[in-house]
file model_15.pdb (PDB, C-alpha atoms and all ligand atoms)
ATOM      1  CA  ASP L   1      12.925 -20.716 -11.698
ATOM      2  CA  ARG L   2      10.702 -18.037 -13.200
ATOM      3  CA  ALA L   3       9.007 -20.520 -15.525
ATOM      4  CA  ALA L   4       8.476 -22.919 -12.616
ATOM      5  CA  ALA L   5       6.921 -20.141 -10.526
ATOM      6  CA  GLN L   6       4.601 -19.141 -13.369
ATOM      7  CA  SER L   7       3.347 -22.680 -13.900
ATOM      8  CA  ALA L   8       3.079 -23.660 -10.211
ATOM      9  CA  PRO L   9      -0.440 -24.190  -8.881
ATOM     10  CA  ILE L  10      -2.057 -21.054  -7.488
ATOM     11  CA  THR L  11      -2.416 -21.407  -3.733
ATOM     12  CA  PRO L  12      -2.937 -18.741  -1.055
ATOM     13  CA  GLY L  13       0.257 -16.923  -0.079
ATOM     14  CA  ALA L  14       2.074 -18.747   2.726
ATOM     15  CA  LEU L  15       5.520 -19.484   4.116
ATOM     16  CA  ALA L  16       7.051 -22.975   4.238
ATOM     17  CA  ASP L  17       5.728 -23.459   7.793
ATOM     18  CA  GLY L  18       2.188 -22.539   6.751
ATOM     19  CA  THR L  19       2.253 -18.956   8.090
ATOM     20  CA  SER L  20      -0.340 -17.166   5.985
ATOM     21  CA  VAL L  21       0.782 -14.124   3.963
ATOM     22  CA  PRO L  22      -2.195 -12.993   1.871
ATOM     23  CA  LEU L  23      -1.070 -11.841  -1.582
ATOM     24  CA  LEU L  24      -3.142  -8.975  -2.926
ATOM     25  CA  ALA L  25      -3.256  -6.932  -6.121
ATOM     26  CA  ASN L  26      -2.537  -3.269  -6.820
ATOM     27  CA  LEU L  27      -5.150  -2.014  -9.290
ATOM     28  CA  GLY L  28      -5.964   1.301 -10.935
ATOM     29  CA  SER L  29      -9.273   0.354 -12.516
ATOM     30  CA  PRO L  30     -11.973  -2.292 -12.055
ATOM     31  CA  ALA L  31     -11.085  -3.514 -15.560
ATOM     32  CA  GLY L  32      -7.968  -5.189 -14.127
ATOM     33  CA  ALA L  33      -9.957  -7.356 -11.706
ATOM     34  CA  ALA L  34     -10.419 -10.471 -13.859
ATOM     35  CA  ASP L  35      -6.710 -10.762 -14.686
ATOM     36  CA  ALA L  36      -5.728 -10.219 -11.057
ATOM     37  CA  ILE L  37      -8.071 -12.974  -9.901
ATOM     38  CA  ALA L  38      -6.799 -15.327 -12.623
ATOM     39  CA  LEU L  39      -3.266 -14.726 -11.323
ATOM     40  CA  GLY L  40      -4.350 -15.662  -7.802
ATOM     41  CA  ALA L  41      -4.884 -12.281  -6.141
ATOM     42  CA  GLU L  42      -6.579 -12.967  -2.808
ATOM     43  CA  GLY L  43      -8.094  -9.495  -2.859
ATOM     44  CA  VAL L  44      -6.998  -5.939  -3.569
ATOM     45  CA  GLY L  45      -4.374  -4.328  -1.337
ATOM     46  CA  LEU L  46      -4.307  -0.981  -3.134
ATOM     47  CA  PHE L  47      -6.957   0.430  -5.420
ATOM     48  CA  ARG L  48      -5.561   3.731  -6.740
ATOM     49  CA  THR L  49      -8.752   5.757  -7.255
ATOM     50  CA  GLU L  50      -6.953   8.745  -8.766
ATOM     51  CA  PHE L  51      -6.438   6.786 -11.990
ATOM     52  CA  LEU L  52     -10.194   6.834 -12.559
ATOM     53  CA  PHE L  53     -10.108  10.629 -12.719
ATOM     54  CA  LEU L  54      -6.781  11.596 -14.305
ATOM     55  CA  SER L  55      -8.534  13.063 -17.337
ATOM     56  CA  SER L  56     -11.359  14.802 -15.430
ATOM     57  CA  ASP L  57     -11.426  18.589 -15.137
ATOM     58  CA  GLU L  58     -14.120  18.462 -12.504
ATOM     59  CA  ALA L  59     -14.552  16.510  -9.307
ATOM     60  CA  PRO L  60     -16.419  13.271 -10.041
ATOM     61  CA  SER L  61     -20.010  12.962  -8.829
ATOM     62  CA  VAL L  62     -21.007  10.494  -6.114
ATOM     63  CA  GLU L  63     -23.021   8.564  -8.703
ATOM     64  CA  SER L  64     -20.204   8.146 -11.230
ATOM     65  CA  GLN L  65     -17.718   7.065  -8.578
ATOM     66  CA  LYS L  66     -20.169   4.674  -7.008
ATOM     67  CA  ALA L  67     -20.587   2.831 -10.305
ATOM     68  CA  SER L  68     -16.826   2.146 -10.488
ATOM     69  CA  TYR L  69     -16.681   1.017  -6.856
ATOM     70  CA  VAL L  70     -19.665  -1.300  -7.275
ATOM     71  CA  GLU L  71     -17.946  -2.873 -10.286
ATOM     72  CA  LEU L  72     -14.725  -3.379  -8.317
ATOM     73  CA  LEU L  73     -16.384  -4.746  -5.170
ATOM     74  CA  THR L  74     -18.615  -7.081  -7.182
ATOM     75  CA  ALA L  75     -15.565  -8.564  -8.924
ATOM     76  CA  PHE L  76     -14.000  -9.309  -5.520
ATOM     77  CA  GLU L  77     -17.078 -10.613  -3.744
ATOM     78  CA  GLY L  78     -16.141 -12.247  -0.442
ATOM     79  CA  LYS L  79     -12.607 -10.834  -0.594
ATOM     80  CA  LYS L  80     -10.792  -7.917   0.984
ATOM     81  CA  VAL L  81     -10.570  -4.736  -1.099
ATOM     82  CA  VAL L  82      -8.466  -1.812   0.158
ATOM     83  CA  VAL L  83      -9.441   1.416  -1.584
ATOM     84  CA  ARG L  84      -7.264   4.491  -1.245
ATOM     85  CA  ALA L  85      -8.884   7.911  -1.148
ATOM     86  CA  LEU L  86      -7.703  10.198  -3.952
ATOM     87  CA  ASP L  87      -3.929  10.596  -3.824
ATOM     88  CA  ALA L  88      -3.485  13.747  -5.873
ATOM     89  CA  GLY L  89      -0.331  15.791  -6.273
ATOM     90  CA  ALA L  90       3.290  15.594  -7.461
ATOM     91  CA  ASP L  91       3.541  12.507  -9.722
ATOM     92  CA  LYS L  92      -0.296  12.240  -9.824
ATOM     93  CA  PRO L  93      -1.750  15.741 -10.392
ATOM     94  CA  LEU L  94      -5.543  16.088 -10.632
ATOM     95  CA  PRO L  95      -6.662  19.431 -12.112
ATOM     96  CA  PHE L  96      -9.734  19.644  -9.884
ATOM     97  CA  LEU L  97      -7.813  18.971  -6.671
ATOM     98  CA  THR L  98      -4.186  20.087  -6.796
ATOM     99  CA  ASP L  99      -2.494  23.467  -7.085
ATOM    100  CA  ASP L 100      -0.170  23.411 -10.090
ATOM    101  CA  SER L 101       1.640  26.581  -8.999
ATOM    102  CA  GLU L 102       3.497  24.882  -6.143
ATOM    103  CA  GLU L 103       7.253  24.947  -6.641
ATOM    104  CA  ASN L 104       7.773  21.676  -4.843
ATOM    105  CA  PRO L 105       4.593  19.615  -5.191
ATOM    106  CA  ALA L 106       6.057  16.462  -3.612
ATOM    107  CA  LEU L 107       6.263  18.497  -0.411
ATOM    108  CA  GLY L 108       3.101  20.472  -1.027
ATOM    109  CA  ARG L 109      -0.617  20.180  -0.424
ATOM    110  CA  ARG L 110      -1.016  16.649  -1.725
ATOM    111  CA  GLY L 111      -2.724  13.430  -0.622
ATOM    112  CA  ILE L 112      -4.698  13.844   2.611
ATOM    113  CA  ARG L 113      -3.646  17.514   2.788
ATOM    114  CA  ALA L 114      -5.403  18.268  -0.516
ATOM    115  CA  LEU L 115      -8.450  16.236   0.537
ATOM    116  CA  ALA L 116      -8.754  18.001   3.898
ATOM    117  CA  HIS L 117      -8.508  21.357   2.104
ATOM    118  CA  ARG L 118     -11.331  20.318  -0.258
ATOM    119  CA  GLU L 119     -13.352  18.294   2.204
ATOM    120  CA  ASN L 120     -16.448  18.107  -0.011
ATOM    121  CA  ILE L 121     -14.470  16.037  -2.522
ATOM    122  CA  LEU L 122     -13.385  13.667   0.250
ATOM    123  CA  ARG L 123     -16.922  13.470   1.655
ATOM    124  CA  ASP L 124     -18.318  12.648  -1.793
ATOM    125  CA  GLN L 125     -15.754   9.922  -2.313
ATOM    126  CA  LEU L 126     -16.336   8.333   1.089
ATOM    127  CA  THR L 127     -20.105   8.565   0.563
ATOM    128  CA  ALA L 128     -19.805   6.838  -2.826
ATOM    129  CA  LEU L 129     -17.680   4.099  -1.228
ATOM    130  CA  ALA L 130     -20.129   3.579   1.650
ATOM    131  CA  GLN L 131     -23.049   3.344  -0.795
ATOM    132  CA  ALA L 132     -21.175   0.870  -3.001
ATOM    133  CA  ASP L 133     -20.257  -1.180   0.071
ATOM    134  CA  ALA L 134     -23.904  -1.364   1.156
ATOM    135  CA  GLU L 135     -24.872  -2.888  -2.213
ATOM    136  CA  THR L 136     -22.054  -5.447  -2.537
ATOM    137  CA  ASN L 137     -20.450  -8.283  -0.588
ATOM    138  CA  ALA L 138     -16.721  -7.658  -0.579
ATOM    139  CA  GLU L 139     -14.842  -6.677   2.577
ATOM    140  CA  LEU L 140     -14.140  -2.981   1.969
ATOM    141  CA  TRP L 141     -11.267  -1.254   3.750
ATOM    142  CA  VAL L 142     -10.605   2.431   3.054
ATOM    143  CA  MET L 143      -7.319   4.269   3.605
ATOM    144  CA  ALA L 144      -5.885   7.768   3.346
ATOM    145  CA  PRO L 145      -2.763   8.632   1.314
ATOM    146  CA  MET L 146       0.297  10.577   2.503
ATOM    147  CA  ILE L 147      -0.556  10.610   6.195
ATOM    148  CA  ALA L 148       2.150  12.453   8.157
ATOM    149  CA  THR L 149       0.551  12.994  11.578
ATOM    150  CA  VAL L 150      -1.689  11.481  14.240
ATOM    151  CA  ASP L 151      -4.102  14.404  13.770
ATOM    152  CA  GLU L 152      -4.532  13.610  10.065
ATOM    153  CA  THR L 153      -5.162   9.976  10.989
ATOM    154  CA  GLU L 154      -7.870  10.916  13.475
ATOM    155  CA  TYR L 155      -9.399  13.371  11.003
ATOM    156  CA  PHE L 156      -9.634  10.792   8.206
ATOM    157  CA  THR L 157     -10.735   7.787  10.232
ATOM    158  CA  SER L 158     -13.415   9.694  12.133
ATOM    159  CA  LEU L 159     -14.817  11.274   8.958
ATOM    160  CA  ALA L 160     -14.842   7.910   7.150
ATOM    161  CA  LYS L 161     -16.580   6.217  10.098
ATOM    162  CA  GLU L 162     -19.117   9.064  10.317
ATOM    163  CA  LEU L 163     -19.929   8.476   6.635
ATOM    164  CA  GLY L 164     -20.542   4.755   7.205
ATOM    165  CA  LEU L 165     -17.242   3.032   6.444
ATOM    166  CA  LYS L 166     -16.263   0.245   8.805
ATOM    167  CA  THR L 167     -12.550  -0.387   8.399
ATOM    168  CA  THR L 168     -10.476   2.744   8.066
ATOM    169  CA  GLY L 169      -6.710   3.014   7.891
ATOM    170  CA  VAL L 170      -3.732   4.909   6.607
ATOM    171  CA  MET L 171      -0.895   4.638   4.159
ATOM    172  CA  VAL L 172       2.519   5.007   5.718
ATOM    173  CA  GLU L 173       4.702   6.684   3.102
ATOM    174  CA  VAL L 174       6.080   9.636   5.049
ATOM    175  CA  PRO L 175       8.853   8.935   7.586
ATOM    176  CA  SER L 176       7.032  10.830  10.366
ATOM    177  CA  ALA L 177       4.136   8.373  10.082
ATOM    178  CA  ALA L 178       6.495   5.403  10.345
ATOM    179  CA  ILE L 179       8.202   6.885  13.397
ATOM    180  CA  LEU L 180       4.804   7.517  15.028
ATOM    181  CA  ALA L 181       3.218   4.251  13.860
ATOM    182  CA  THR L 182       2.423   3.059  17.389
ATOM    183  CA  GLU L 183       0.463   6.276  18.023
ATOM    184  CA  ILE L 184      -1.123   6.352  14.560
ATOM    185  CA  LEU L 185      -2.302   2.751  14.837
ATOM    186  CA  LYS L 186      -4.265   3.615  17.962
ATOM    187  CA  SER L 187      -6.785   5.425  15.744
ATOM    188  CA  ALA L 188      -6.289   3.551  12.465
ATOM    189  CA  ASP L 189      -7.611  -0.007  11.979
ATOM    190  CA  PHE L 190      -4.651  -0.883   9.755
ATOM    191  CA  ALA L 191      -1.623   0.547   7.974
ATOM    192  CA  SER L 192      -0.359  -0.057   4.473
ATOM    193  CA  ILE L 193       3.231   0.933   3.749
ATOM    194  CA  GLY L 194       3.807   2.656   0.414
ATOM    195  CA  THR L 195       7.483   1.976  -0.095
ATOM    196  CA  ASN L 196       7.730   4.054  -3.306
ATOM    197  CA  ASP L 197       7.068   7.292  -1.459
ATOM    198  CA  LEU L 198       8.527   6.113   1.852
ATOM    199  CA  VAL L 199      11.890   5.611   0.117
ATOM    200  CA  GLN L 200      11.561   8.911  -1.765
ATOM    201  CA  TYR L 201      10.987  10.858   1.454
ATOM    202  CA  THR L 202      13.439   8.903   3.589
ATOM    203  CA  MET L 203      16.273   9.388   1.112
ATOM    204  CA  ALA L 204      15.135  12.852  -0.085
ATOM    205  CA  ALA L 205      15.405  11.508  -3.642
ATOM    206  CA  ASP L 206      12.673  12.273  -6.193
ATOM    207  CA  ARG L 207      11.138   8.950  -7.266
ATOM    208  CA  LEU L 208      10.903  10.147 -10.888
ATOM    209  CA  LEU L 209      14.441  11.478 -11.202
ATOM    210  CA  GLY L 210      16.963   9.157 -12.839
ATOM    211  CA  SER L 211      19.971  11.112 -11.571
ATOM    212  CA  VAL L 212      19.187  10.095  -7.968
ATOM    213  CA  ALA L 213      17.955   6.581  -8.778
ATOM    214  CA  HIS L 214      20.909   5.085  -6.880
ATOM    215  CA  LEU L 215      19.325   6.418  -3.660
ATOM    216  CA  GLN L 216      15.885   4.983  -4.311
ATOM    217  CA  SER L 217      16.187   1.327  -3.387
ATOM    218  CA  PRO L 218      13.652  -0.085  -0.940
ATOM    219  CA  TRP L 219      16.459  -2.414   0.161
ATOM    220  CA  HIS L 220      18.124   0.526   1.896
ATOM    221  CA  PRO L 221      18.445  -0.341   5.600
ATOM    222  CA  ALA L 222      17.089   3.121   6.461
ATOM    223  CA  ALA L 223      13.830   2.146   4.748
ATOM    224  CA  LEU L 224      13.889  -1.349   6.279
ATOM    225  CA  ARG L 225      14.221   0.108   9.779
ATOM    226  CA  LEU L 226      11.210   2.362   9.209
ATOM    227  CA  ILE L 227       9.214  -0.592   7.901
ATOM    228  CA  GLN L 228      10.122  -2.521  11.044
ATOM    229  CA  MET L 229       8.878   0.394  13.169
ATOM    230  CA  VAL L 230       5.509   0.244  11.420
ATOM    231  CA  ALA L 231       5.270  -3.538  11.846
ATOM    232  CA  ASP L 232       6.116  -3.112  15.551
ATOM    233  CA  GLY L 233       3.426  -0.424  15.835
ATOM    234  CA  GLY L 234       0.957  -2.867  14.321
ATOM    235  CA  LYS L 235       1.910  -5.583  16.806
ATOM    236  CA  ALA L 236       1.709  -3.181  19.757
ATOM    237  CA  ASN L 237      -1.871  -2.344  18.810
ATOM    238  CA  GLY L 238      -2.970  -5.709  17.413
ATOM    239  CA  LYS L 239      -3.527  -4.106  13.983
ATOM    240  CA  PRO L 240      -2.501  -5.496  10.569
ATOM    241  CA  VAL L 241       0.260  -3.926   8.512
ATOM    242  CA  GLY L 242       0.676  -4.473   4.768
ATOM    243  CA  VAL L 243       3.074  -3.295   2.097
ATOM    244  CA  CYS L 244       1.662  -2.057  -1.212
ATOM    245  CA  GLY L 245       4.703  -0.373  -2.785
ATOM    246  CA  GLU L 246       6.975  -1.898  -5.423
ATOM    247  CA  ALA L 247       9.100  -3.516  -2.687
ATOM    248  CA  ALA L 248       6.444  -6.201  -2.242
ATOM    249  CA  ALA L 249       6.946  -7.324  -5.851
ATOM    250  CA  ASP L 250      10.639  -8.231  -5.317
ATOM    251  CA  PRO L 251      10.528 -11.893  -4.188
ATOM    252  CA  LEU L 252      13.482 -11.851  -1.778
ATOM    253  CA  LEU L 253      12.541  -8.434  -0.415
ATOM    254  CA  ALA L 254       9.025  -9.787   0.131
ATOM    255  CA  VAL L 255      10.565 -12.425   2.411
ATOM    256  CA  VAL L 256      12.465  -9.683   4.268
ATOM    257  CA  LEU L 257       9.252  -7.679   4.703
ATOM    258  CA  VAL L 258       7.487 -10.678   6.224
ATOM    259  CA  GLY L 259      10.503 -11.217   8.464
ATOM    260  CA  LEU L 260      10.190  -7.623   9.641
ATOM    261  CA  GLY L 261       6.607  -8.359  10.713
ATOM    262  CA  VAL L 262       4.531  -7.302   7.707
ATOM    263  CA  ASN L 263       1.266  -9.296   7.454
ATOM    264  CA  THR L 264       0.143  -8.881   3.814
ATOM    265  CA  LEU L 265       1.768  -7.988   0.493
ATOM    266  CA  SER L 266       0.130  -6.179  -2.416
ATOM    267  CA  MET L 267       1.683  -5.848  -5.859
ATOM    268  CA  SER L 268       1.139  -5.706  -9.609
ATOM    269  CA  PRO L 269      -0.699  -8.940 -10.467
ATOM    270  CA  SER L 270       2.131 -10.002 -12.779
ATOM    271  CA  ALA L 271       4.461 -10.271  -9.752
ATOM    272  CA  LEU L 272       2.219 -12.587  -7.706
ATOM    273  CA  ALA L 273       3.545 -15.930  -8.969
ATOM    274  CA  ASP L 274       7.225 -15.209  -8.264
ATOM    275  CA  VAL L 275       6.516 -13.820  -4.797
ATOM    276  CA  ARG L 276       4.247 -16.765  -3.969
ATOM    277  CA  ALA L 277       6.975 -19.226  -5.013
ATOM    278  CA  GLU L 278       9.710 -17.473  -2.989
ATOM    279  CA  LEU L 279       7.645 -17.239   0.218
ATOM    280  CA  LYS L 280       7.054 -20.995   0.107
ATOM    281  CA  LYS L 281      10.810 -21.640   0.409
ATOM    282  CA  HIS L 282      11.219 -20.019   3.843
ATOM    283  CA  THR L 283       9.790 -20.488   7.322
ATOM    284  CA  LEU L 284       8.925 -17.498   9.489
ATOM    285  CA  GLU L 285      12.085 -18.118  11.484
ATOM    286  CA  ASP L 286      14.102 -18.084   8.223
ATOM    287  CA  ALA L 287      12.406 -14.866   7.131
ATOM    288  CA  GLN L 288      13.214 -13.223  10.465
ATOM    289  CA  ARG L 289      16.852 -14.283  10.181
ATOM    290  CA  ILE L 290      17.071 -13.025   6.587
ATOM    291  CA  ALA L 291      15.477  -9.716   7.618
ATOM    292  CA  ALA L 292      17.896  -9.325  10.546
ATOM    293  CA  ALA L 293      20.835  -9.857   8.177
ATOM    294  CA  ALA L 294      19.553  -7.180   5.784
ATOM    295  CA  LEU L 295      18.819  -4.737   8.629
ATOM    296  CA  ALA L 296      22.351  -4.981  10.014
ATOM    297  CA  THR L 297      23.990  -3.419   6.937
ATOM    298  CA  GLY L 298      24.874   0.091   5.799
ATOM    299  CA  ASN L 299      23.513   0.306   2.272
ATOM    300  CA  ALA L 300      21.073  -1.259  -0.159
ATOM    301  CA  ASP L 301      23.600  -3.451  -1.988
ATOM    302  CA  GLN L 302      24.941  -4.842   1.268
ATOM    303  CA  ALA L 303      21.408  -5.497   2.490
ATOM    304  CA  LYS L 304      20.564  -7.459  -0.650
ATOM    305  CA  THR L 305      23.814  -9.418  -0.528
ATOM    306  CA  ALA L 306      23.336 -10.211   3.164
ATOM    307  CA  ALA L 307      19.758 -11.361   2.562
ATOM    308  CA  ARG L 308      20.875 -13.606  -0.316
ATOM    309  CA  ALA L 309      23.604 -15.140   1.817
ATOM    310  CA  ALA L 310      21.209 -15.714   4.732
ATOM    311  CA  ALA L 311      18.632 -17.274   2.417
TER     312      ALA L 311
HETATM  313  C1  LIG L 401       3.739   4.095  -2.712
HETATM  314  O1  LIG L 401       4.039   5.288  -2.567
HETATM  315  O2  LIG L 401       4.530   3.154  -2.467
HETATM  316  C2  LIG L 401       2.406   3.703  -3.185
HETATM  317  C3  LIG L 401       2.023   2.450  -3.174
HETATM  318  O3  LIG L 401       1.620   4.681  -3.694
HETATM  319  P1  LIG L 401       1.867   5.321  -5.152
HETATM  320  O4  LIG L 401       2.908   4.500  -5.829
HETATM  321  O5  LIG L 401       0.543   5.307  -5.818
HETATM  322  O6  LIG L 401       2.323   6.694  -4.780
HETATM  323 MG    MG L 402       2.557   6.815  -2.679
END

call {"tool": "encode", "arguments": {"input": "model_15.pdb", "output": "C-alpha cells"}}
result
Amino acid sequence: DRAAAQSAPITPGALADGTSVPLLANLGSPAGAADAIALGAEGVGLFRTEFLFLSSDEAPSVESQKASYVELLTAFEGKKVVVRALDAGADKPLPFLTDDSEENPALGRRGIRALAHRENILRDQLTALAQADAETNAELWVMAPMIATVDETEYFTSLAKELGLKTTGVMVEVPSAAILATEILKSADFASIGTNDLVQYTMAADRLLGSVAHLQSPWHPAALRLIQMVADGGKANGKPVGVCGEAAADPLLAVVLVGLGVNTLSMSPSALADVRAELKKHTLEDAQRIAAAALATGNADQAKTAARAAA
C-alpha cells in the first residue's frame, strides 16, 4: 500500500467525490521548499519561523528576516504560504525572547504572550513579512502561535493588518481557543489547529515526556471534540480551518479530520503521498461517518478501532 502511494501520480488533495482538501507542507526553513514541491505540496500550511533563529542570541533584524521570507515566498510563487510568528518558549526556547527562569515554561510567557511582551520583535517580524510579500507573488497568510483568548486574537490581527498584512489568523493549540473558536474566528481570517500542543494541553501531558506518552494521542475523542468545535466555528463564520499538527500526517486520522469539517491539512512533506492516497478512497459522506464513529468513543484506541471499522 505504502509503495503504491509513493509511486501514485501527484494530484491535488481530494476525496473520492472530488471534494478538494489542499495538502500543504510544514517547513522550518526555505531550504526545504524544493523537496516539498517535488512531493506535491500545494503550498505551505506552517512555516515555523523560530527555527531560523534557534542559534541567535539577539533578535533578528528586519533585513535578515526579510531575505529568508523572500526566498520562501519566491519558491512558492502563486501558492498559499502560512507563516507563523515566532513561537518561542517551552520546547522551542529563544534566548532573545523567552525567560529561562520560569518553572513551568509550557504554561508561561510563550508564543503570542512573549511576542506581546516584546512587541518590537513582533513588529519587526510582521514588517519583514509585509516587505517580503510586497516583492513576491505567493499568497501570504500570517498567524499567531499559542492564542488562548479573543483579546489576543484581536491584538495580533489588528497589529498585523496595521503593518500591511492581508490575511491574518491564529493557531488553535490551547483548549480555551478551541472552545471559543466561534468568537475567535470573528476577528481572525482563518484558524490552523496545532494538534501537538492541543493534545498536550487538553490531556495535561507534556508532549516531550515519555512517561505520559499514553495520554498524548491526537486520536483521543477529547481532542477530536475540540477539533470539531473549531471546524464548526469556521463554518459559522465562513472562515477556513486547517490542521498543521502531526495528526494530519496519519492517513486515517486525516480522513477523520476532514469528516469533522477541517478544510486543509499540513504535514511533513514525507507524509503527503500516504495522506493523498487515503483521502482518495473516501467520499465526504464516508469521512463524516468515520469521524462520527471515532467521536462516539471513550479513548484513543477505541476511536482508532471504530474509525478503521467504519472505513
Ligand atoms: C502544534 O503544536 O501542533 C504545532 C503544529 O506547532 P509546534 O509543533 O511547532 O508546536
Ligand atoms: Mg504548537

call {"tool": "residues_near_ligand", "arguments": {"input": "model_15.pdb", "ligand": "ligand MG 402 (chain L)", "cutoff": "7 Å", "atoms": "only C-alpha atoms and all ligand atoms", "output": "list in words"}}
result
Pro145, Met146, Glu173, Gly194, Asn196 and Asp197 of chain L

call {"tool": "resolve_selection", "arguments": {"input": "model_15.pdb", "expression": "the PyMOL selection byres (((not hetatm)) within 8 of (chain L and resi 401))", "output": "ChimeraX atom specification"}}
result
/L:46,48,87,91-92,145,173,193-198,243-246

call {"tool": "residues_around", "arguments": {"input": "model_15.pdb", "residues": "Ala204 (chain L)", "least_positions_apart": "3", "cutoff": "12 Å", "atoms": "all atoms listed in the file", "output": "ChimeraX atom specification"}}
result
/L:106-107,174-175,196-201,207-209,212-216,222-223

call {"tool": "closest_residue", "arguments": {"input": "model_15.pdb", "among": "L:Lys186, L:Lys239, L:Arg110, L:Lys280", "to": "Val150 (chain L)", "atoms": "all atoms listed in the file"}}
result
L:Lys186

call {"tool": "residues_around", "arguments": {"input": "model_15.pdb", "residues": "Leu24 (chain L)", "least_positions_apart": "5", "cutoff": "7 Å", "atoms": "all atoms listed in the file", "output": "VMD selection string"}}
result
chain L and resid 41 to 45 265 to 267

call {"tool": "closest_residue", "arguments": {"input": "model_15.pdb", "among": "L:Ser270, L:Ser55, L:Ser176, L:Ser217", "to": "Pro93 (chain L)", "atoms": "all atoms listed in the file"}}
result
L:Ser55

call {"tool": "closest_residue", "arguments": {"input": "model_15.pdb", "among": "L:Val21, L:Ala273, L:Ala287, L:Leu279", "to": "Leu260 (chain L)", "atoms": "all atoms listed in the file"}}
result
L:Ala287

call {"tool": "resolve_selection", "arguments": {"input": "model_15.pdb", "expression": "the PyMOL selection byres (((chain L and resi 152) around 12) and not hetatm)", "output": "PDB file with C-alpha atoms, in the coordinates of the input"}}
result
ATOM      1  CA  GLY L 111      -2.724  13.430  -0.622  1.00  0.00           C
ATOM      2  CA  ILE L 112      -4.698  13.844   2.611  1.00  0.00           C
ATOM      3  CA  ARG L 113      -3.646  17.514   2.788  1.00  0.00           C
ATOM      4  CA  ALA L 114      -5.403  18.268  -0.516  1.00  0.00           C
ATOM      5  CA  LEU L 115      -8.450  16.236   0.537  1.00  0.00           C
ATOM      6  CA  ALA L 116      -8.754  18.001   3.898  1.00  0.00           C
ATOM      7  CA  HIS L 117      -8.508  21.357   2.104  1.00  0.00           C
ATOM      8  CA  MET L 143      -7.319   4.269   3.605  1.00  0.00           C
ATOM      9  CA  ALA L 144      -5.885   7.768   3.346  1.00  0.00           C
ATOM     10  CA  PRO L 145      -2.763   8.632   1.314  1.00  0.00           C
ATOM     11  CA  MET L 146       0.297  10.577   2.503  1.00  0.00           C
ATOM     12  CA  ILE L 147      -0.556  10.610   6.195  1.00  0.00           C
ATOM     13  CA  ALA L 148       2.150  12.453   8.157  1.00  0.00           C
ATOM     14  CA  THR L 149       0.551  12.994  11.578  1.00  0.00           C
ATOM     15  CA  VAL L 150      -1.689  11.481  14.240  1.00  0.00           C
ATOM     16  CA  ASP L 151      -4.102  14.404  13.770  1.00  0.00           C
ATOM     17  CA  THR L 153      -5.162   9.976  10.989  1.00  0.00           C
ATOM     18  CA  GLU L 154      -7.870  10.916  13.475  1.00  0.00           C
ATOM     19  CA  TYR L 155      -9.399  13.371  11.003  1.00  0.00           C
ATOM     20  CA  PHE L 156      -9.634  10.792   8.206  1.00  0.00           C
ATOM     21  CA  THR L 157     -10.735   7.787  10.232  1.00  0.00           C
ATOM     22  CA  SER L 158     -13.415   9.694  12.133  1.00  0.00           C
ATOM     23  CA  LEU L 159     -14.817  11.274   8.958  1.00  0.00           C
ATOM     24  CA  GLY L 169      -6.710   3.014   7.891  1.00  0.00           C
ATOM     25  CA  VAL L 170      -3.732   4.909   6.607  1.00  0.00           C
ATOM     26  CA  MET L 171      -0.895   4.638   4.159  1.00  0.00           C
ATOM     27  CA  VAL L 172       2.519   5.007   5.718  1.00  0.00           C
ATOM     28  CA  SER L 176       7.032  10.830  10.366  1.00  0.00           C
ATOM     29  CA  ALA L 177       4.136   8.373  10.082  1.00  0.00           C
ATOM     30  CA  GLU L 183       0.463   6.276  18.023  1.00  0.00           C
ATOM     31  CA  ILE L 184      -1.123   6.352  14.560  1.00  0.00           C
ATOM     32  CA  SER L 187      -6.785   5.425  15.744  1.00  0.00           C
ATOM     33  CA  ALA L 188      -6.289   3.551  12.465  1.00  0.00           C
TER      34      ALA L 188
END

call {"tool": "atom_distance", "arguments": {"input": "model_15.pdb", "atom1": "CA of Thr11 (chain L)", "atom2": "CA of Asp274 (chain L)"}}
result
12.3 Å

call {"tool": "residues_around", "arguments": {"input": "model_15.pdb", "residues": "Ala67 (chain L)", "least_positions_apart": "5", "cutoff": "9 Å", "atoms": "all atoms listed in the file", "output": "list in words"}}
result
Val62, Leu72, Ala128 and Ala132 of chain L

call {"tool": "resolve_selection", "arguments": {"input": "model_15.pdb", "expression": "the PyMOL selection byres (((chain L and resi 54) around 9) and not hetatm)", "output": "list in words"}}
result
Glu50, Phe51, Leu52, Phe53, Ser55, Ser56, Asp57, Lys92, Pro93, Leu94 and Pro95 of chain L

call {"tool": "axis_aligned_box", "arguments": {"input": "model_15.pdb", "around": "region 265-271 of chain L", "padding_each_side": "3 Å", "output": "JSON"}}
result
{"center_x": 1.9, "center_y": -8.0, "center_z": -6.1, "size_x": 11.2, "size_y": 10.6, "size_z": 19.3}

call {"tool": "closest_residue", "arguments": {"input": "model_15.pdb", "among": "L:Ala33, L:Ile179, L:Ala306, L:Leu253", "to": "Glu77 (chain L)", "atoms": "all atoms listed in the file"}}
result
L:Ala33

call {"tool": "atom_distance", "arguments": {"input": "model_15.pdb", "atom1": "CA of Asn26 (chain L)", "atom2": "CA of Arg109 (chain L)"}}
result
24.4 Å

call {"tool": "residues_around", "arguments": {"input": "model_15.pdb", "residues": "region 219-221 of chain L", "least_positions_apart": "2", "cutoff": "7 Å", "atoms": "all atoms listed in the file", "output": "list in words"}}
result
Ser217, Ala223, Leu224, Arg225, Ala294, Leu295, Thr297, Gly298, Asn299, Ala300, Ala303 and Lys304 of chain L

call {"tool": "write_last_selection", "arguments": {"input": "model_15.pdb", "atoms": "C-alpha atoms", "output": "mmCIF file, in the coordinates of the input"}}
result
data_model
loop_
_atom_site.group_PDB
_atom_site.id
_atom_site.type_symbol
_atom_site.label_atom_id
_atom_site.label_comp_id
_atom_site.auth_asym_id
_atom_site.auth_seq_id
_atom_site.Cartn_x
_atom_site.Cartn_y
_atom_site.Cartn_z
ATOM 1 C CA SER L 217 16.187 1.327 -3.387
ATOM 2 C CA ALA L 223 13.830 2.146 4.748
ATOM 3 C CA LEU L 224 13.889 -1.349 6.279
ATOM 4 C CA ARG L 225 14.221 0.108 9.779
ATOM 5 C CA ALA L 294 19.553 -7.180 5.784
ATOM 6 C CA LEU L 295 18.819 -4.737 8.629
ATOM 7 C CA THR L 297 23.990 -3.419 6.937
ATOM 8 C CA GLY L 298 24.874 0.091 5.799
ATOM 9 C CA ASN L 299 23.513 0.306 2.272
ATOM 10 C CA ALA L 300 21.073 -1.259 -0.159
ATOM 11 C CA ALA L 303 21.408 -5.497 2.490
ATOM 12 C CA LYS L 304 20.564 -7.459 -0.650
#
